[in-house]
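Colleague: Quick one: this structure, given as structure tokens, is what I'll be asking you about.
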Amino acid sequence: MNAPARALHDTPRSDWTREEIAALFALPFPELMFRAATVHRAHFDPTQVQTSTLISIKTGGCPEDCSYCTQSVSNPTGLKATKLMQVEEVLAEARAARDAGASRFCMGAAWRNPKDKDLDAVCDMVEGVKALGMETCVTLGMLTAPQAARLKQAGLDYYNHNIDTAPEYYRHVITTRTYQDRLDTLEAVREAGINVCCGGIVGMGESAEDRVGLIHALATLPIHPESVPINALVGSNTPATETSAKLSDLDFVRTIAVARITMPRSMVRLSAGREDMSDETQALCFMAGANSIFYGPKLLTTPNPLADEDKALFARLGLSAMPYTPGA
Ligand code: SF4
């Protein structure tokens with residue numbers, strides 16, 4: 001049985017080889033799209049797309065040196081650093097996102113890792129957002145096992161921590177923490193019983209082989225992340241954006257398709273970069289198995305299409321927002 005056919009089986013595989021993943025990337029485009037769409041249909045309604053809204057609850061001033069990020073102190077982008085938002089301000093944003101149609105509310109803070117006193121406020125935010133009937137996700141940097149347990153106790157549904165790129169390209173992107181640090185946080189999150197949101201960024205000057213390595217690293221985690229955000233590099237004035245040529249839209253779509261085939265039960269999120277994509281490219285991404293988007297005008301500090309534009313796009317494509325039933 002060949003690799004894509006095996007992917008149709010119910011149990012997701014964590015034993016993908018790089019050769020198998022490279023072979024998927026190398027398929028003729030129509031064949032790759034067909035296989036990805038077939039896997040998508042085996043596990044999801046392909047007309048439904050999950051919608052998440054992401055806000056920055058603490059912006060800028062981050063001591064990490066991620067080369068793609070406008071919030072790092074290493075990348076002087078002129079972004080103004082802010083303090084942690086008040087709980088009530090965050091809940092007002094969550095209410096507005098819910099009323100605009102988002103089912104998940106994601107809160108990001110530009111920290112290397114949260115301090116315990118900050119975690120108290122974040123736990124209050126999580127509890128408040130849950131009480132609004134939304135799923136919750138936070139991204140706060142590296143976590144210890146006790147911190148993950150506290151977030152779980154507050155009712156956190158998802159923790160986002162991206163591996164960003166292939167292990168062998170990682171040193172070109174970040175030097176202030178290691179790949180293993182990332183994996184350790186993911187393990188702490190998993191151990192606490194929180195769903196994992198973990199993906200990467202493409203178009204950072206990595207090779208095609210590095211994109212194989214990124215998908216391989218994600219698809220061989222012992223349990224696949226429940227959410228897999230695939231981001232296209234955007235923004236300006238960061239080392240990554242100044243040295244990288246834009247990845248072609250078709251190569252981006254291929255990355256989505258291979259993520260869908262190798263992680264058949266995960267939500268594959270079309271994340272940063274939609275603002276620069278045509279409706280047609282986004283439609284190809286949905287056909288390739290993307291079934292989640294960020295919804296709302298900003299992703300932390302990155303522009304994103306307006307909710308009304310997304311509603312119009314969904315209407316044109318015959319897509320609908322995936323229903324979320326609290327407690328289901
Ligand atoms: S990506 Fe996150 S950890 Fe890296 S510099 Fe930006 S805010 Fe800090």
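Identifiers in this document derive from the order of the structure tokens: chains are assigned A, B, ..., residues are numbered from 1 separately in each chain, and ligands are numbered from 1 in order of occurrence.
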Please return as a list of chain:residue names the residues found within 7 Å of ligand 1, counting only C-alpha atoms and all ligand atoms.
Modeller: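 Those within range of ligand 1 are A:Gly60, A:Cys62, A:Pro63, A:Glu64, A:Asp65, A:Cys66, A:Cys69, A:Thr70, A:Gln71, A:Ser72, A:Ala109, A:Ala110, A:Trp111, A:Arg112, A:Gly141.
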Colleague: Could you tell me, as a PDB file with N, CA, C and O atoms, in the first residue's frame, which residues of region 32-135 of chain A DSSP assigns to strand (DSSP E or B) when given the backbone?
Modeller:
ATOM      1  N   GLN A  48     -16.826  22.984   5.721  1.00  0.00           N
ATOM      2  CA  GLN A  48     -16.821  23.714   6.997  1.00  0.00           C
ATOM      3  C   GLN A  48     -15.409  24.145   7.389  1.00  0.00           C
ATOM      4  O   GLN A  48     -14.457  23.359   7.266  1.00  0.00           O
ATOM      5  N   VAL A  49     -15.301  25.366   7.870  1.00  0.00           N
ATOM      6  CA  VAL A  49     -14.004  25.927   8.246  1.00  0.00           C
ATOM      7  C   VAL A  49     -14.117  26.492   9.663  1.00  0.00           C
ATOM      8  O   VAL A  49     -15.019  27.273   9.959  1.00  0.00           O
ATOM      9  N   GLN A  50     -13.209  26.055  10.516  1.00  0.00           N
ATOM     10  CA  GLN A  50     -13.204  26.541  11.903  1.00  0.00           C
ATOM     11  C   GLN A  50     -12.610  27.964  11.922  1.00  0.00           C
ATOM     12  O   GLN A  50     -11.679  28.261  11.166  1.00  0.00           O
ATOM     13  N   THR A  51     -13.176  28.822  12.770  1.00  0.00           N
ATOM     14  CA  THR A  51     -12.729  30.218  12.796  1.00  0.00           C
ATOM     15  C   THR A  51     -12.210  30.586  14.186  1.00  0.00           C
ATOM     16  O   THR A  51     -12.898  30.400  15.192  1.00  0.00           O
ATOM     17  N   SER A  52     -10.985  31.096  14.207  1.00  0.00           N
ATOM     18  CA  SER A  52     -10.361  31.514  15.466  1.00  0.00           C
ATOM     19  C   SER A  52      -9.999  32.988  15.370  1.00  0.00           C
ATOM     20  O   SER A  52      -9.561  33.446  14.318  1.00  0.00           O
ATOM     21  N   THR A  53     -10.176  33.695  16.471  1.00  0.00           N
ATOM     22  CA  THR A  53      -9.691  35.079  16.523  1.00  0.00           C
ATOM     23  C   THR A  53      -8.506  35.134  17.481  1.00  0.00           C
ATOM     24  O   THR A  53      -8.539  34.540  18.563  1.00  0.00           O
ATOM     25  N   LEU A  54      -7.457  35.822  17.030  1.00  0.00           N
ATOM     26  CA  LEU A  54      -6.221  35.907  17.819  1.00  0.00           C
ATOM     27  C   LEU A  54      -5.958  37.356  18.201  1.00  0.00           C
ATOM     28  O   LEU A  54      -5.962  38.230  17.331  1.00  0.00           O
ATOM     29  N   ILE A  55      -5.768  37.610  19.490  1.00  0.00           N
ATOM     30  CA  ILE A  55      -5.377  38.976  19.881  1.00  0.00           C
ATOM     31  C   ILE A  55      -4.063  38.936  20.665  1.00  0.00           C
ATOM     32  O   ILE A  55      -3.706  37.905  21.259  1.00  0.00           O
ATOM     33  N   SER A  56      -3.395  40.063  20.645  1.00  0.00           N
ATOM     34  CA  SER A  56      -2.161  40.191  21.412  1.00  0.00           C
ATOM     35  C   SER A  56      -2.512  40.793  22.767  1.00  0.00           C
ATOM     36  O   SER A  56      -2.967  41.931  22.857  1.00  0.00           O
ATOM     37  N   ILE A  57      -2.318  40.012  23.834  1.00  0.00           N
ATOM     38  CA  ILE A  57      -2.643  40.521  25.172  1.00  0.00           C
ATOM     39  C   ILE A  57      -1.433  41.212  25.805  1.00  0.00           C
ATOM     40  O   ILE A  57      -1.553  41.874  26.821  1.00  0.00           O
ATOM     41  N   LYS A  58      -0.280  41.031  25.208  1.00  0.00           N
ATOM     42  CA  LYS A  58       0.939  41.717  25.677  1.00  0.00           C
ATOM     43  C   LYS A  58       1.884  41.770  24.475  1.00  0.00           C
ATOM     44  O   LYS A  58       2.372  40.738  24.023  1.00  0.00           O
ATOM     45  N   CYS A  62       9.920  41.392  23.422  1.00  0.00           N
ATOM     46  CA  CYS A  62      10.239  39.991  23.721  1.00  0.00           C
ATOM     47  C   CYS A  62      11.752  39.759  23.614  1.00  0.00           C
ATOM     48  O   CYS A  62      12.383  40.169  22.643  1.00  0.00           O
ATOM     49  N   SER A  72      10.234  41.074  18.664  1.00  0.00           N
ATOM     50  CA  SER A  72      11.509  40.792  19.317  1.00  0.00           C
ATOM     51  C   SER A  72      12.300  42.077  19.528  1.00  0.00           C
ATOM     52  O   SER A  72      12.369  42.918  18.625  1.00  0.00           O
ATOM     53  N   ARG A 104     -13.305  30.221  18.426  1.00  0.00           N
ATOM     54  CA  ARG A 104     -12.163  30.059  19.329  1.00  0.00           C
ATOM     55  C   ARG A 104     -11.484  31.409  19.514  1.00  0.00           C
ATOM     56  O   ARG A 104     -11.338  32.171  18.560  1.00  0.00           O
ATOM     57  N   PHE A 105     -11.078  31.686  20.757  1.00  0.00           N
ATOM     58  CA  PHE A 105     -10.414  32.954  21.049  1.00  0.00           C
ATOM     59  C   PHE A 105      -9.000  32.649  21.518  1.00  0.00           C
ATOM     60  O   PHE A 105      -8.803  31.933  22.508  1.00  0.00           O
ATOM     61  N   CYS A 106      -8.020  33.158  20.762  1.00  0.00           N
ATOM     62  CA  CYS A 106      -6.616  32.869  21.048  1.00  0.00           C
ATOM     63  C   CYS A 106      -5.942  34.131  21.574  1.00  0.00           C
ATOM     64  O   CYS A 106      -6.145  35.212  21.013  1.00  0.00           O
ATOM     65  N   MET A 107      -5.159  33.979  22.628  1.00  0.00           N
ATOM     66  CA  MET A 107      -4.524  35.130  23.266  1.00  0.00           C
ATOM     67  C   MET A 107      -3.012  34.914  23.274  1.00  0.00           C
ATOM     68  O   MET A 107      -2.531  33.894  23.769  1.00  0.00           O
ATOM     69  N   GLY A 108      -2.290  35.880  22.695  1.00  0.00           N
ATOM     70  CA  GLY A 108      -0.841  35.733  22.585  1.00  0.00           C
ATOM     71  C   GLY A 108      -0.112  36.782  23.390  1.00  0.00           C
ATOM     72  O   GLY A 108      -0.486  37.955  23.395  1.00  0.00           O
ATOM     73  N   ALA A 109       0.935  36.373  24.097  1.00  0.00           N
ATOM     74  CA  ALA A 109       1.765  37.319  24.848  1.00  0.00           C
ATOM     75  C   ALA A 109       3.216  37.138  24.424  1.00  0.00           C
ATOM     76  O   ALA A 109       3.706  36.008  24.321  1.00  0.00           O
ATOM     77  N   GLU A 135     -14.110  28.382  22.705  1.00  0.00           N
ATOM     78  CA  GLU A 135     -12.891  27.628  22.977  1.00  0.00           C
ATOM     79  C   GLU A 135     -11.777  28.629  23.252  1.00  0.00           C
ATOM     80  O   GLU A 135     -11.773  29.738  22.720  1.00  0.00           O
TER      81      GLU A 135
END
Colleague: Calculated over only C-alpha atoms, which of the candidates A:Pro114, A:Pro229, A:Pro323, A:Gly61 has the smallest distance to Ser292 (chain A)?
Modeller: A:Pro229
Colleague: I need the residues in region 111-170 of chain A that are helix (DSSP H, G or I) according to DSSP; give them as a VMD selection string.
Modeller: chain A and resid 116 to 131 145 to 153 170
Colleague: Do a neighbour search on region 158-161 of chain A at 8 Å with only C-alpha atoms, toss out local chain neighbours closer than 4 positions, and write the hits as a PyMOL selection string.
Modeller: chain A and resi 136-139+141-142+182+185-186+189+194-199
Colleague: If you keep all heavy atoms, can you produce a file of those selected residues as a JSON list (two decimals), in the first residue's frame?
Modeller:
[["chain", "number", "residue", "atom", "x", "y", "z"],
["A", 136, "THR", "N", -10.80, 28.18, 24.05],
["A", 136, "THR", "CA", -9.70, 29.08, 24.42],
["A", 136, "THR", "C", -8.36, 28.52, 23.96],
["A", 136, "THR", "O", -8.14, 27.31, 23.97],
["A", 136, "THR", "CB", -9.65, 29.25, 25.95],
["A", 136, "THR", "OG1", -9.65, 27.95, 26.55],
["A", 136, "THR", "CG2", -10.80, 30.06, 26.47],
["A", 137, "CYS", "N", -7.48, 29.44, 23.58],
["A", 137, "CYS", "CA", -6.11, 29.06, 23.23],
["A", 137, "CYS", "C", -5.21, 30.19, 23.72],
["A", 137, "CYS", "O", -5.60, 31.36, 23.64],
["A", 137, "CYS", "CB", -5.98, 28.92, 21.72],
["A", 137, "CYS", "SG", -4.31, 28.52, 21.16],
["A", 138, "VAL", "N", -4.04, 29.84, 24.24],
["A", 138, "VAL", "CA", -3.07, 30.88, 24.57],
["A", 138, "VAL", "C", -1.71, 30.50, 24.02],
["A", 138, "VAL", "O", -1.41, 29.32, 23.81],
["A", 138, "VAL", "CB", -2.94, 31.15, 26.10],
["A", 138, "VAL", "CG1", -4.23, 31.69, 26.67],
["A", 138, "VAL", "CG2", -2.48, 29.92, 26.85],
["A", 139, "THR", "N", -0.89, 31.52, 23.77],
["A", 139, "THR", "CA", 0.49, 31.29, 23.37],
["A", 139, "THR", "C", 1.35, 32.25, 24.17],
["A", 139, "THR", "O", 1.21, 33.47, 24.05],
["A", 139, "THR", "CB", 0.66, 31.41, 21.83],
["A", 139, "THR", "OG1", 2.02, 31.17, 21.49],
["A", 139, "THR", "CG2", 0.22, 32.74, 21.27],
["A", 141, "GLY", "N", 4.83, 31.45, 25.19],
["A", 141, "GLY", "CA", 6.23, 31.06, 25.21],
["A", 141, "GLY", "C", 6.42, 29.72, 25.91],
["A", 141, "GLY", "O", 5.49, 28.91, 25.97],
["A", 142, "MET", "N", 7.64, 29.53, 26.46],
["A", 142, "MET", "CA", 7.94, 28.23, 27.07],
["A", 142, "MET", "C", 7.19, 28.07, 28.38],
["A", 142, "MET", "O", 7.03, 29.03, 29.13],
["A", 142, "MET", "CB", 9.45, 28.13, 27.31],
["A", 142, "MET", "CG", 10.24, 28.07, 26.02],
["A", 142, "MET", "SD", 11.99, 27.76, 26.28],
["A", 142, "MET", "CE", 12.56, 29.36, 26.78],
["A", 182, "ARG", "N", 11.54, 23.77, 22.57],
["A", 182, "ARG", "CA", 10.18, 23.77, 22.01],
["A", 182, "ARG", "C", 9.49, 22.43, 22.28],
["A", 182, "ARG", "O", 8.34, 22.38, 22.70],
["A", 182, "ARG", "CB", 10.24, 23.99, 20.50],
["A", 182, "ARG", "CG", 10.84, 25.32, 20.09],
["A", 182, "ARG", "CD", 9.84, 26.21, 19.42],
["A", 182, "ARG", "NE", 9.66, 27.39, 20.23],
["A", 182, "ARG", "CZ", 8.84, 28.40, 19.94],
["A", 182, "ARG", "NH1", 8.11, 28.39, 18.86],
["A", 182, "ARG", "NH2", 8.72, 29.42, 20.74],
["A", 185, "THR", "N", 8.34, 22.03, 25.88],
["A", 185, "THR", "CA", 7.08, 22.72, 26.20],
["A", 185, "THR", "C", 5.90, 21.95, 25.63],
["A", 185, "THR", "O", 4.86, 21.77, 26.30],
["A", 185, "THR", "CB", 7.11, 24.17, 25.65],
["A", 185, "THR", "OG1", 8.04, 24.90, 26.44],
["A", 185, "THR", "CG2", 5.75, 24.84, 25.74],
["A", 186, "LEU", "N", 6.04, 21.47, 24.39],
["A", 186, "LEU", "CA", 4.92, 20.70, 23.80],
["A", 186, "LEU", "C", 4.60, 19.48, 24.66],
["A", 186, "LEU", "O", 3.44, 19.13, 24.85],
["A", 186, "LEU", "CB", 5.28, 20.28, 22.36],
["A", 186, "LEU", "CG", 5.38, 21.42, 21.35],
["A", 186, "LEU", "CD1", 5.90, 20.92, 20.01],
["A", 186, "LEU", "CD2", 4.01, 22.10, 21.15],
["A", 189, "VAL", "N", 2.67, 20.50, 27.74],
["A", 189, "VAL", "CA", 1.28, 20.82, 27.38],
["A", 189, "VAL", "C", 0.50, 19.53, 27.20],
["A", 189, "VAL", "O", -0.63, 19.37, 27.71],
["A", 189, "VAL", "CB", 1.27, 21.68, 26.09],
["A", 189, "VAL", "CG1", -0.13, 21.80, 25.53],
["A", 189, "VAL", "CG2", 1.87, 23.06, 26.36],
["A", 194, "ILE", "N", -3.81, 19.32, 27.71],
["A", 194, "ILE", "CA", -4.27, 20.45, 26.88],
["A", 194, "ILE", "C", -4.03, 20.08, 25.42],
["A", 194, "ILE", "O", -3.00, 19.47, 25.09],
["A", 194, "ILE", "CB", -3.48, 21.73, 27.25],
["A", 194, "ILE", "CG1", -3.69, 22.09, 28.72],
["A", 194, "ILE", "CG2", -3.86, 22.90, 26.34],
["A", 194, "ILE", "CD1", -2.74, 23.17, 29.23],
["A", 195, "ASN", "N", -4.96, 20.46, 24.54],
["A", 195, "ASN", "CA", -4.75, 20.21, 23.12],
["A", 195, "ASN", "C", -3.58, 21.04, 22.61],
["A", 195, "ASN", "O", -3.37, 22.18, 23.06],
["A", 195, "ASN", "CB", -6.00, 20.60, 22.32],
["A", 195, "ASN", "CG", -7.17, 19.69, 22.61],
["A", 195, "ASN", "OD1", -7.04, 18.47, 22.61],
["A", 195, "ASN", "ND2", -8.31, 20.28, 22.89],
["A", 196, "VAL", "N", -2.86, 20.49, 21.67],
["A", 196, "VAL", "CA", -1.67, 21.15, 21.14],
["A", 196, "VAL", "C", -1.97, 21.83, 19.81],
["A", 196, "VAL", "O", -2.59, 21.23, 18.92],
["A", 196, "VAL", "CB", -0.53, 20.11, 20.95],
["A", 196, "VAL", "CG1", 0.64, 20.71, 20.15],
["A", 196, "VAL", "CG2", -0.06, 19.60, 22.30],
["A", 197, "CYS", "N", -1.56, 23.10, 19.70],
["A", 197, "CYS", "CA", -1.60, 23.84, 18.45],
["A", 197, "CYS", "C", -0.15, 24.09, 18.07],
["A", 197, "CYS", "O", 0.56, 24.78, 18.80],
["A", 197, "CYS", "CB", -2.36, 25.15, 18.64],
["A", 197, "CYS", "SG", -2.30, 26.23, 17.21],
["A", 198, "CYS", "N", 0.30, 23.50, 16.99],
["A", 198, "CYS", "CA", 1.72, 23.59, 16.65],
["A", 198, "CYS", "C", 1.91, 23.49, 15.15],
["A", 198, "CYS", "O", 1.43, 22.54, 14.53],
["A", 198, "CYS", "CB", 2.49, 22.47, 17.36],
["A", 198, "CYS", "SG", 4.25, 22.51, 17.02],
["A", 199, "GLY", "N", 2.59, 24.48, 14.59],
["A", 199, "GLY", "CA", 2.84, 24.45, 13.16],
["A", 199, "GLY", "C", 4.12, 25.18, 12.85],
["A", 199, "GLY", "O", 5.09, 25.11, 13.63]]
Colleague: So, with only C-alpha atoms as the atoms that count, which of A:Val73, A:Ala149, A:Val173, A:Ala102 lies closest to Phe294 (chain A)?
Modeller: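 That would be A:Ala102, the residue with the smallest distance to Phe294 (chain A).
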Colleague: What does the distance from CA of Pro28 (chain A) to CA of Asn162 (chain A) come to in Å, to one decimal?
Modeller: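 One can read the CA of Pro28 (chain A) to CA of Asn162 (chain A) distance as 28.9 Å.
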Colleague: What is the distance, in Å and to one decimal place, between CA of Ile261 (chain A) and CA of His40 (chain A)?
Modeller: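 The value is 7.7 Å.
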Colleague: Got a sec: who's within 12 Å of Gly133 (chain A), counting only C-alpha atoms, leaving out chain neighbours fewer than 2 positions off, as JSON, numbers by chain?
Modeller: {"A": [91, 94, 95, 97, 98, 99, 101, 102, 103, 104, 105, 126, 127, 128, 129, 130, 131, 135, 136, 155, 323, 324, 325, 326, 327, 328]}
Colleague: Just the selected residues (N, CA, C and O atoms), exported as a compact mmCIF listing (two decimals), in the first residue's frame, please.
Modeller:
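Result saved to part-v7.txt:
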# COMPACT_ATOMS: atom_id res chain seq x y z
N LEU A 91 -11.82 40.37 27.80
CA LEU A 91 -13.16 39.74 27.69
C LEU A 91 -14.06 40.54 26.75
O LEU A 91 -14.89 39.96 26.03
N ALA A 94 -13.14 39.41 23.38
CA ALA A 94 -13.64 38.05 23.14
C ALA A 94 -15.13 38.08 22.79
O ALA A 94 -15.59 37.39 21.87
N ARG A 95 -15.89 38.90 23.53
CA ARG A 95 -17.33 39.03 23.26
C ARG A 95 -17.55 39.50 21.83
O ARG A 95 -18.38 38.97 21.10
N ALA A 97 -15.52 39.21 19.29
CA ALA A 97 -15.12 38.16 18.34
C ALA A 97 -16.21 37.10 18.25
O ALA A 97 -16.55 36.63 17.15
N ARG A 98 -16.78 36.72 19.40
CA ARG A 98 -17.87 35.74 19.39
C ARG A 98 -19.05 36.27 18.59
O ARG A 98 -19.62 35.56 17.75
N ASP A 99 -19.39 37.53 18.83
CA ASP A 99 -20.55 38.10 18.14
C ASP A 99 -20.30 38.23 16.63
O ASP A 99 -21.23 38.24 15.84
N GLY A 101 -18.71 35.94 15.01
CA GLY A 101 -18.78 34.59 14.46
C GLY A 101 -17.60 33.70 14.79
O GLY A 101 -17.54 32.56 14.31
N ALA A 102 -16.61 34.16 15.58
CA ALA A 102 -15.47 33.29 15.91
C ALA A 102 -15.88 32.27 16.97
O ALA A 102 -16.67 32.58 17.87
N SER A 103 -15.33 31.05 16.85
CA SER A 103 -15.66 30.03 17.85
C SER A 103 -14.51 29.80 18.82
O SER A 103 -14.70 29.23 19.88
N ARG A 104 -13.31 30.22 18.43
CA ARG A 104 -12.16 30.06 19.33
C ARG A 104 -11.48 31.41 19.51
O ARG A 104 -11.34 32.17 18.56
N PHE A 105 -11.08 31.69 20.76
CA PHE A 105 -10.41 32.95 21.05
C PHE A 105 -9.00 32.65 21.52
O PHE A 105 -8.80 31.93 22.51
N VAL A 126 -8.72 33.09 30.66
CA VAL A 126 -9.18 31.80 30.12
C VAL A 126 -10.56 31.46 30.71
O VAL A 126 -11.50 31.09 29.98
N GLU A 127 -10.70 31.62 32.02
CA GLU A 127 -11.98 31.29 32.64
C GLU A 127 -13.09 32.18 32.10
O GLU A 127 -14.20 31.73 31.82
N GLY A 128 -12.78 33.47 31.92
CA GLY A 128 -13.79 34.42 31.43
C GLY A 128 -14.20 34.11 29.99
O GLY A 128 -15.39 34.17 29.65
N VAL A 129 -13.24 33.77 29.16
CA VAL A 129 -13.57 33.47 27.75
C VAL A 129 -14.37 32.17 27.67
O VAL A 129 -15.34 32.06 26.90
N LYS A 130 -14.00 31.18 28.47
CA LYS A 130 -14.77 29.93 28.50
C LYS A 130 -16.22 30.20 28.86
O LYS A 130 -17.15 29.62 28.31
N ALA A 131 -16.41 31.11 29.83
CA ALA A 131 -17.77 31.43 30.29
C ALA A 131 -18.59 32.09 29.18
O ALA A 131 -19.83 32.10 29.25
N GLU A 135 -14.11 28.38 22.71
CA GLU A 135 -12.89 27.63 22.98
C GLU A 135 -11.78 28.63 23.25
O GLU A 135 -11.77 29.74 22.72
N THR A 136 -10.80 28.18 24.05
CA THR A 136 -9.70 29.08 24.42
C THR A 136 -8.36 28.52 23.96
O THR A 136 -8.14 27.31 23.97
N GLY A 155 -9.16 25.73 32.60
CA GLY A 155 -10.08 25.34 31.53
C GLY A 155 -9.52 25.54 30.14
O GLY A 155 -10.26 25.49 29.15
N PRO A 323 -19.49 24.68 13.30
CA PRO A 323 -20.15 24.95 14.58
C PRO A 323 -19.30 24.44 15.74
O PRO A 323 -18.60 23.44 15.61
N TYR A 324 -19.38 25.15 16.85
CA TYR A 324 -18.68 24.71 18.06
C TYR A 324 -19.72 24.52 19.15
O TYR A 324 -20.51 25.41 19.44
N THR A 325 -19.73 23.34 19.74
CA THR A 325 -20.66 23.08 20.83
C THR A 325 -19.86 23.01 22.12
O THR A 325 -19.11 22.07 22.31
N PRO A 326 -20.00 24.03 23.00
CA PRO A 326 -19.24 23.97 24.25
C PRO A 326 -19.50 22.65 24.99
O PRO A 326 -20.64 22.22 25.07
N GLY A 327 -18.41 22.05 25.46
CA GLY A 327 -18.54 20.82 26.23
C GLY A 327 -18.65 19.58 25.37
O GLY A 327 -18.63 18.46 25.87
N ALA A 328 -18.75 19.75 24.02
CA ALA A 328 -18.90 18.56 23.15
C ALA A 328 -17.56 17.88 22.98
O ALA A 328 -16.53 18.49 23.10
Colleague: Report, in Å to a single decimal, how far apart CA of Ser207 (chain A) and CA of Arg171 (chain A) are.
Modeller: 14.0 Å
Colleague: Would you list the contacts of Lys246 (chain A) as an NGL selection string, taking every protein, DNA or RNA residue within 9 Å and counting only C-alpha atoms, but skipping same-chain residues closer than 4 positions in sequence?
Modeller: :A and (203-205 or 232-234 or 241)
Colleague: Write the residues you've just listed into a file as a PDB file, in the first residue's frame, and include N, CA, C and O atoms for each of them.
Modeller:
ATOM      1  N   GLY A 203       8.556  30.150   3.749  1.00  0.00           N
ATOM      2  CA  GLY A 203       8.946  31.360   3.021  1.00  0.00           C
ATOM      3  C   GLY A 203       9.987  32.158   3.779  1.00  0.00           C
ATOM      4  O   GLY A 203      10.157  33.353   3.537  1.00  0.00           O
ATOM      5  N   MET A 204      10.713  31.493   4.723  1.00  0.00           N
ATOM      6  CA  MET A 204      11.754  32.194   5.492  1.00  0.00           C
ATOM      7  C   MET A 204      13.135  31.946   4.896  1.00  0.00           C
ATOM      8  O   MET A 204      14.138  31.999   5.606  1.00  0.00           O
ATOM      9  N   GLY A 205      13.180  31.618   3.620  1.00  0.00           N
ATOM     10  CA  GLY A 205      14.465  31.338   2.980  1.00  0.00           C
ATOM     11  C   GLY A 205      14.875  29.887   3.102  1.00  0.00           C
ATOM     12  O   GLY A 205      15.977  29.506   2.709  1.00  0.00           O
ATOM     13  N   ALA A 232       2.526  31.797   6.189  1.00  0.00           N
ATOM     14  CA  ALA A 232       3.456  32.324   5.194  1.00  0.00           C
ATOM     15  C   ALA A 232       4.105  33.553   5.816  1.00  0.00           C
ATOM     16  O   ALA A 232       3.426  34.356   6.466  1.00  0.00           O
ATOM     17  N   LEU A 233       5.411  33.680   5.617  1.00  0.00           N
ATOM     18  CA  LEU A 233       6.121  34.823   6.206  1.00  0.00           C
ATOM     19  C   LEU A 233       5.542  36.122   5.674  1.00  0.00           C
ATOM     20  O   LEU A 233       5.368  36.292   4.472  1.00  0.00           O
ATOM     21  N   VAL A 234       5.241  37.031   6.590  1.00  0.00           N
ATOM     22  CA  VAL A 234       4.735  38.355   6.198  1.00  0.00           C
ATOM     23  C   VAL A 234       5.432  39.420   7.026  1.00  0.00           C
ATOM     24  O   VAL A 234       6.180  39.118   7.951  1.00  0.00           O
ATOM     25  N   THR A 241      12.289  38.728   6.760  1.00  0.00           N
ATOM     26  CA  THR A 241      11.594  39.288   5.594  1.00  0.00           C
ATOM     27  C   THR A 241      12.572  39.996   4.667  1.00  0.00           C
ATOM     28  O   THR A 241      12.348  40.085   3.469  1.00  0.00           O
TER      29      THR A 241
END
